[in-house]
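Containing compact mmCIF, C-alpha atoms: target_13.txt.
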```
# COMPACT_ATOMS: atom_id res chain seq x y z
CA MET H 143 28.51 -66.54 40.48
CA ILE H 144 29.93 -63.49 42.25
CA ARG H 145 30.82 -64.21 45.88
CA GLY H 146 33.30 -61.46 46.73
CA ALA H 147 34.32 -57.85 46.04
CA ILE H 148 37.82 -56.37 46.21
CA PHE H 149 38.18 -52.61 46.68
CA ASP H 150 41.11 -50.40 45.89
CA MET H 151 41.45 -47.68 48.54
CA ASP H 152 43.01 -44.35 47.51
CA GLY H 153 40.82 -42.48 45.03
CA LEU H 154 38.19 -45.24 45.14
CA MET H 155 37.04 -45.48 48.76
CA PHE H 156 38.60 -42.24 49.97
CA ASP H 157 39.18 -38.91 48.26
CA THR H 158 42.93 -39.00 48.79
CA GLU H 159 44.44 -38.73 45.30
CA LYS H 160 44.31 -34.92 45.48
CA LEU H 161 46.41 -35.19 48.64
CA PHE H 162 48.92 -37.38 46.82
CA ALA H 163 49.13 -34.83 44.00
CA ILE H 164 49.98 -32.13 46.55
CA SER H 165 52.50 -34.38 48.27
CA TRP H 166 54.28 -35.39 45.05
CA ALA H 167 54.65 -31.71 44.08
CA GLU H 168 56.13 -30.97 47.50
CA GLN H 169 58.53 -33.89 47.14
CA ALA H 170 59.71 -32.71 43.73
CA ARG H 171 60.56 -29.26 45.11
CA ARG H 172 62.22 -30.79 48.15
CA PHE H 173 64.53 -32.79 45.87
CA GLY H 174 65.32 -29.72 43.76
CA PHE H 175 62.99 -30.32 40.80
CA GLN H 176 60.11 -28.43 39.25
CA PRO H 177 56.95 -30.56 39.75
CA ILE H 178 55.73 -32.42 36.67
CA PRO H 179 51.91 -32.84 36.79
CA GLU H 180 52.01 -36.00 34.64
CA PHE H 181 54.07 -37.75 37.32
CA HIS H 182 51.01 -38.23 39.50
CA ARG H 183 49.10 -39.94 36.69
CA ALA H 184 52.01 -42.26 35.96
CA VAL H 185 52.69 -43.29 39.56
CA CYS H 186 49.04 -43.62 40.62
CA GLY H 187 48.29 -47.12 41.89
CA THR H 188 51.89 -48.34 41.63
CA SER H 189 54.34 -49.34 44.34
CA GLY H 190 57.77 -50.84 44.93
CA THR H 191 60.27 -51.07 42.08
CA LEU H 192 57.84 -49.77 39.46
CA ALA H 193 57.05 -46.64 41.49
CA ARG H 194 60.76 -45.96 42.01
CA ASP H 195 61.43 -46.43 38.30
CA ILE H 196 58.71 -43.88 37.51
CA VAL H 197 60.32 -41.39 39.90
CA ARG H 198 63.67 -41.81 38.13
CA LYS H 199 62.01 -41.48 34.72
CA PHE H 200 60.33 -38.17 35.51
CA TYR H 201 63.11 -36.79 37.73
CA PRO H 202 66.39 -38.09 36.26
CA GLY H 203 69.37 -38.06 38.58
CA ILE H 204 67.22 -38.04 41.73
CA SER H 205 69.33 -38.94 44.76
CA ASP H 206 66.93 -41.29 46.56
CA ALA H 207 63.79 -42.51 44.81
CA ASN H 208 62.88 -44.69 47.77
CA SER H 209 62.78 -41.69 50.14
CA PHE H 210 60.85 -39.70 47.54
CA ILE H 211 58.08 -42.32 47.58
CA ASN H 212 58.11 -43.18 51.28
CA ASP H 213 58.25 -39.59 52.54
CA GLY H 214 55.53 -38.58 50.08
CA CYS H 215 53.25 -41.32 51.36
CA ASP H 216 54.03 -40.38 54.97
CA ARG H 217 53.02 -36.79 54.19
CA VAL H 218 49.64 -37.99 52.92
CA ALA H 219 49.18 -40.11 56.06
CA ASP H 220 49.87 -37.01 58.17
CA MET H 221 47.24 -35.03 56.24
CA MET H 222 44.70 -37.80 56.89
CA ALA H 223 45.59 -38.22 60.56
CA GLU H 224 42.41 -36.61 61.87
CA SER H 225 39.83 -37.39 59.21
CA VAL H 226 39.54 -39.36 55.98
CA PRO H 227 37.38 -37.89 53.19
CA GLU H 228 35.01 -40.60 51.95
CA LYS H 229 33.84 -41.07 48.38
CA GLU H 230 30.12 -40.80 47.60
CA GLY H 231 28.30 -44.08 48.09
CA LEU H 232 31.09 -45.87 49.96
CA HIS H 233 29.04 -47.01 52.96
CA GLU H 234 26.01 -47.70 50.81
CA ILE H 235 27.78 -50.08 48.43
CA VAL H 236 29.60 -51.84 51.27
CA ASP H 237 26.32 -52.35 53.13
CA TYR H 238 24.62 -53.58 49.95
CA LEU H 239 27.32 -56.12 49.12
CA LYS H 240 27.53 -57.40 52.69
CA GLY H 241 23.75 -57.69 52.70
CA ARG H 242 23.99 -59.88 49.60
CA GLY H 243 26.40 -62.17 51.49
CA LEU H 244 29.58 -61.21 49.63
CA ARG H 245 33.00 -61.40 51.27
CA LEU H 246 34.94 -58.14 51.01
CA ALA H 247 38.60 -57.21 50.71
CA VAL H 248 40.71 -54.09 50.34
CA ALA H 249 43.74 -54.43 48.04
CA SER H 250 45.73 -51.21 47.99
CA SER H 251 49.15 -49.84 47.12
CA SER H 252 49.17 -48.14 50.53
CA GLU H 253 50.80 -49.82 53.51
CA ALA H 254 48.73 -52.21 55.61
CA GLU H 255 48.86 -49.93 58.67
CA LEU H 256 47.35 -47.03 56.71
CA ILE H 257 44.64 -49.25 55.21
CA ARG H 258 43.59 -50.41 58.66
CA ALA H 259 43.76 -46.89 60.12
CA ASN H 260 41.55 -45.43 57.38
CA LEU H 261 38.95 -48.18 57.74
CA THR H 262 38.93 -47.81 61.52
CA LYS H 263 38.41 -44.03 61.30
CA THR H 264 35.47 -44.52 58.95
CA SER H 265 33.90 -47.40 60.94
CA LEU H 266 34.39 -49.83 58.06
CA GLU H 267 37.06 -52.20 59.37
CA ARG H 268 34.62 -54.88 60.57
CA GLN H 269 32.93 -54.97 57.17
CA PHE H 270 36.05 -56.27 55.41
CA ASP H 271 37.29 -59.83 55.66
CA VAL H 272 40.74 -59.19 54.14
CA LEU H 273 43.07 -56.16 54.15
CA LEU H 274 46.01 -56.47 51.78
CA SER H 275 48.84 -54.15 50.69
CA THR H 276 50.87 -54.57 47.51
CA SER H 277 53.93 -54.56 49.77
CA GLN H 278 52.78 -58.04 50.86
CA VAL H 279 52.97 -59.53 47.35
CA ALA H 280 55.78 -59.95 44.85
CA ARG H 281 54.63 -57.35 42.30
CA GLY H 282 52.51 -54.23 42.56
CA LYS H 283 49.83 -53.06 40.15
CA PRO H 284 49.46 -53.30 37.13
CA ALA H 285 50.59 -56.88 37.86
CA PRO H 286 47.62 -58.95 39.11
CA ASP H 287 49.37 -60.31 42.23
CA VAL H 288 47.49 -58.31 44.88
CA PHE H 289 44.05 -59.20 43.48
CA LEU H 290 44.95 -62.86 43.04
CA GLU H 291 46.15 -62.98 46.65
CA ALA H 292 43.10 -61.10 47.92
CA ALA H 293 40.82 -63.59 46.18
CA ARG H 294 42.84 -66.48 47.62
CA ARG H 295 42.56 -65.07 51.14
CA LEU H 296 38.82 -64.63 50.65
CA GLY H 297 38.68 -68.33 49.75
CA LEU H 298 37.40 -67.53 46.26
CA ARG H 299 38.45 -67.86 42.64
CA PRO H 300 39.26 -64.58 40.84
CA GLU H 301 36.31 -65.02 38.49
CA GLU H 302 34.03 -65.06 41.55
CA CYS H 303 35.14 -61.54 42.54
CA TYR H 304 34.38 -57.98 41.59
CA VAL H 305 37.29 -55.56 41.53
CA PHE H 306 36.52 -51.86 42.02
CA GLU H 307 39.28 -49.46 40.94
CA ASP H 308 39.77 -45.78 40.16
CA GLY H 309 43.18 -45.99 38.43
CA ILE H 310 44.27 -47.38 35.10
CA ASN H 311 47.08 -49.47 36.62
CA GLY H 312 44.61 -51.00 39.07
CA VAL H 313 42.06 -51.73 36.37
CA LYS H 314 44.74 -53.46 34.31
CA ALA H 315 45.65 -55.54 37.37
CA GLY H 316 42.03 -56.54 37.98
CA ILE H 317 41.55 -57.56 34.36
CA ALA H 318 44.81 -59.52 34.35
CA ALA H 319 43.70 -61.33 37.51
CA GLY H 320 40.54 -62.50 35.78
CA CYS H 321 38.18 -60.58 38.07
CA HIS H 322 35.02 -58.72 37.01
CA THR H 323 36.59 -55.26 37.01
CA TYR H 324 34.79 -51.92 37.22
CA MET H 325 36.39 -48.48 37.02
CA ILE H 326 35.18 -45.50 39.02
CA PRO H 327 37.57 -42.80 37.75
CA ASP H 328 38.96 -40.22 40.14
CA MET H 329 41.61 -37.88 38.71
CA ILE H 330 42.56 -40.03 35.72
CA PRO H 331 39.95 -40.68 32.99
CA PRO H 332 39.77 -44.12 31.36
CA THR H 333 41.32 -44.69 27.97
CA GLN H 334 39.22 -46.16 25.19
CA GLU H 335 41.16 -49.41 25.59
CA ILE H 336 40.29 -49.58 29.29
CA ARG H 337 36.61 -48.88 28.54
CA GLU H 338 36.57 -51.78 26.10
CA GLN H 339 38.37 -54.21 28.39
CA CYS H 340 36.76 -53.65 31.79
CA ASP H 341 33.21 -54.60 32.80
CA GLY H 342 32.02 -51.02 33.13
CA VAL H 343 32.90 -47.41 34.00
CA PHE H 344 30.80 -45.42 36.46
CA PRO H 345 31.14 -41.88 37.85
CA SER H 346 30.53 -42.92 41.47
CA LEU H 347 30.23 -45.92 43.76
CA LEU H 348 26.60 -44.96 44.29
CA LEU H 349 25.78 -45.30 40.58
CA LEU H 350 27.78 -48.53 40.38
CA MET H 351 25.68 -49.90 43.24
CA GLU H 352 22.45 -49.01 41.43
CA PHE H 353 23.76 -50.82 38.34
CA LEU H 354 24.62 -53.92 40.38
CA LYS H 355 21.15 -53.86 41.91
CA THR H 356 19.64 -53.78 38.41
CA LYS H 357 21.77 -56.77 37.39
CA GLU H 358 20.53 -58.61 40.48
CA VAL H 359 16.90 -57.89 39.61
CA LEU H 360 17.36 -59.02 36.02
CA ARG H 361 19.15 -62.19 37.09
CA ASN H 362 16.32 -63.12 39.46
CA SER H 363 13.47 -62.19 37.11
```

Structure re-expressed in structure tokens:
Amino acid sequence: MIRGAIFDMDGLMFDTEKLFAISWAEQARRFGFQPIPEFHRAVCGTSGTLARDIVRKFYPGISDANSFINDGCDRVADMMAESVPEKEGLHEIVDYLKGRGLRLAVASSSEAELIRANLTKTSLERQFDVLLSTSQVARGKPAPDVFLEAARRLGLRPEECYVFEDGINGVKAGIAAGCHTYMIPDMIPPTQEIREQCDGVFPSLLLLMEFLKTKEVLRNS
């Protein structure tokens, strides 16, 4: 039985991945490199050591991978300071799941302060029972740590939780955690392997919600 839902944030709840793409290109130029578009796809959804390793892979000899990541994230936070662009169906699916009695969590690679700020600006903070950053667990996505910890803090087993993700690294983390994982792609399309391994791929949160409603009807019929 599903009793909880865990949301990624960037690219899933909020239309922020385009801002990250802009920021990463700015960072590359700032450090004296020509931007590599594939970098954004590789680093999407990661954090910590893995994110720094990806920086060094794409921009060999970079002087400070930590500053590259941190300053890039700060730039995105500055761009979102006044308003946060929401994804279609965000409030609708949150309201639907809360109405069904599910406990909700956000598990994101962004810092906890930014998670809380974005939810506050969009009047969603009170809807979520747990807010969790990958900086608060040992390993970032695609490791399952953040989803396992989110489920634990919700008081649930992983198999009792949905995971909603837009990125491949996040989907891999949700699957590895043992959660029922759905992908709502943003800038990165799913691979055939991801399509086969996750519970479903939908173009929007709104269409995912309609699918979940159908499952509910069928289960109760």

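Between atom CA of Tyr324 of chain H and atom CA of Met222 of chain H lies a distance of 26.2 Å.
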
7 Å contact set for segment 295-309 of chain H, all atoms listed in the file, chain neighbours under 4 positions out, as a short mmCIF file (atom, residue, chain, number, x, y, z; two decimals) with C-alpha atoms, keeping the file's coordinate frame:
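around_1.cif, written as the output of this step:
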```cif
data_model
loop_
_atom_site.label_atom_id
_atom_site.label_comp_id
_atom_site.auth_asym_id
_atom_site.auth_seq_id
_atom_site.Cartn_x
_atom_site.Cartn_y
_atom_site.Cartn_z
CA MET H 143 28.51 -66.54 40.48
CA ILE H 144 29.93 -63.49 42.25
CA ARG H 145 30.82 -64.21 45.88
CA GLY H 146 33.30 -61.46 46.73
CA ALA H 147 34.32 -57.85 46.04
CA ILE H 148 37.82 -56.37 46.21
CA PHE H 149 38.18 -52.61 46.68
CA ASP H 150 41.11 -50.40 45.89
CA GLY H 153 40.82 -42.48 45.03
CA LEU H 154 38.19 -45.24 45.14
CA CYS H 186 49.04 -43.62 40.62
CA GLY H 187 48.29 -47.12 41.89
CA ARG H 245 33.00 -61.40 51.27
CA VAL H 272 40.74 -59.19 54.14
CA LEU H 290 44.95 -62.86 43.04
CA GLU H 291 46.15 -62.98 46.65
CA VAL H 313 42.06 -51.73 36.37
CA GLY H 316 42.03 -56.54 37.98
CA ALA H 319 43.70 -61.33 37.51
CA GLY H 320 40.54 -62.50 35.78
CA CYS H 321 38.18 -60.58 38.07
CA HIS H 322 35.02 -58.72 37.01
CA THR H 323 36.59 -55.26 37.01
CA TYR H 324 34.79 -51.92 37.22
CA MET H 325 36.39 -48.48 37.02
CA ILE H 326 35.18 -45.50 39.02
CA PRO H 327 37.57 -42.80 37.75
CA ASP H 328 38.96 -40.22 40.14
CA ILE H 330 42.56 -40.03 35.72
#
```

Checklist outcome for this item: Expressed in Å, the length from atom CA of Leu273 of chain H to atom CA of Ser250 of chain H is 8.3 Å

Item to check | Contacts of Arg198 of chain H at 12 Å (only C-alpha atoms; same-chain gap of 5+ positions) as a PyMOL selection string | outcome: chain H and resi 170+173+175+181+184-185+191-193+203-208+210-211

Checklist outcome for this item: Gln269 of chain H proximity check over H:Val236, H:Ala249, H:Ile310, H:Ala293, using only C-alpha atoms: winner is H:Val236

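Considering only C-alpha atoms, the residue among H:Ile196, H:Asp271, H:Leu349, H:Ala315 positioned nearest to Leu246 of chain H is H:Asp271.
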
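The interatomic distance for the pair atom CA of Leu347 of chain H and atom CA of Asp152 of chain H works out to 13.4 Å.
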
Test item: residues at most 9 Å from Glu230 of chain H, all atoms listed in the file, excluding those fewer than 6 positions along its chain, as a short mmCIF file (atom, residue, chain, number, x, y, z; two decimals) with C-alpha atoms, in the frame of the given file:
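As written to disk, out-v2.cif reads:
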```cif
data_model
loop_
_atom_site.label_atom_id
_atom_site.label_comp_id
_atom_site.auth_asym_id
_atom_site.auth_seq_id
_atom_site.Cartn_x
_atom_site.Cartn_y
_atom_site.Cartn_z
CA MET H 155 37.04 -45.48 48.76
CA PHE H 156 38.60 -42.24 49.97
CA SER H 346 30.53 -42.92 41.47
CA LEU H 347 30.23 -45.92 43.76
CA LEU H 348 26.60 -44.96 44.29
#
```

Item to check | Counting only C-alpha atoms, the residue of H:Ser252, H:Gln334, H:Gln339, H:Gln176 that sits nearest Thr276 of chain H | outcome: H:Ser252

Checklist entry - Can you list, as number ranges by chain, every protein, DNA or RNA residue that comes within 9 Å of His182 of chain H when you count all atoms listed in the file, leaving out same-chain residues fewer than 2 positions away? => result H: 159, 162-163, 166-167, 178-180, 184-186

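Closest approach to Ser189 of chain H among H:Glu168, H:Glu338, H:Glu253, H:Asp213 is made by H:Glu253 (distances from all atoms listed in the file).
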
Checklist entry - Using all atoms listed in the file, which residue out of H:Asp287, H:Ile317, H:Ser265, H:Lys199 lies closest to Val226 of chain H? => result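 Residue with the minimum atom-to-atom distance to Val226 of chain H: H:Ser265.
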
Anything within 10 Å of (53.9, -53.5, 50.2): list those residues as a short mmCIF file (atom, residue, chain, number, x, y, z; two decimals) with C-alpha atoms, in the coordinates of the input, counting only C-alpha atoms and sticking to the file's coordinates.
```
data_model
loop_
_atom_site.label_atom_id
_atom_site.label_comp_id
_atom_site.auth_asym_id
_atom_site.auth_seq_id
_atom_site.Cartn_x
_atom_site.Cartn_y
_atom_site.Cartn_z
CA SER H 189 54.34 -49.34 44.34
CA GLY H 190 57.77 -50.84 44.93
CA SER H 250 45.73 -51.21 47.99
CA SER H 251 49.15 -49.84 47.12
CA SER H 252 49.17 -48.14 50.53
CA GLU H 253 50.80 -49.82 53.51
CA ALA H 254 48.73 -52.21 55.61
CA LEU H 274 46.01 -56.47 51.78
CA SER H 275 48.84 -54.15 50.69
CA THR H 276 50.87 -54.57 47.51
CA SER H 277 53.93 -54.56 49.77
CA GLN H 278 52.78 -58.04 50.86
CA VAL H 279 52.97 -59.53 47.35
CA ALA H 280 55.78 -59.95 44.85
CA ARG H 281 54.63 -57.35 42.30
CA GLY H 282 52.51 -54.23 42.56
CA VAL H 288 47.49 -58.31 44.88
#
```

Checklist outcome for this item: Min atom-atom distance to Thr333 of chain H from the set H:Asn311, H:Gln169, H:Ser209, H:Thr188, counting all atoms listed in the file, belongs to H:Asn311

Item to check | All residues 9 Å or closer to Ser225 of chain H, all atoms listed in the file, same chain fewer than 5 positions away omitted, as an MDAnalysis selection string | outcome: chainID H and resid 260 263:264

Next, dump the selected residues to file, keeping only C-alpha atoms, as a PDB file, in the frame of the given file.
```pdb
ATOM      1  CA  ASN H 260      41.550 -45.430  57.380  1.00  0.00           C
ATOM      2  CA  LYS H 263      38.410 -44.030  61.300  1.00  0.00           C
ATOM      3  CA  THR H 264      35.470 -44.520  58.950  1.00  0.00           C
TER       4      THR H 264
END
```
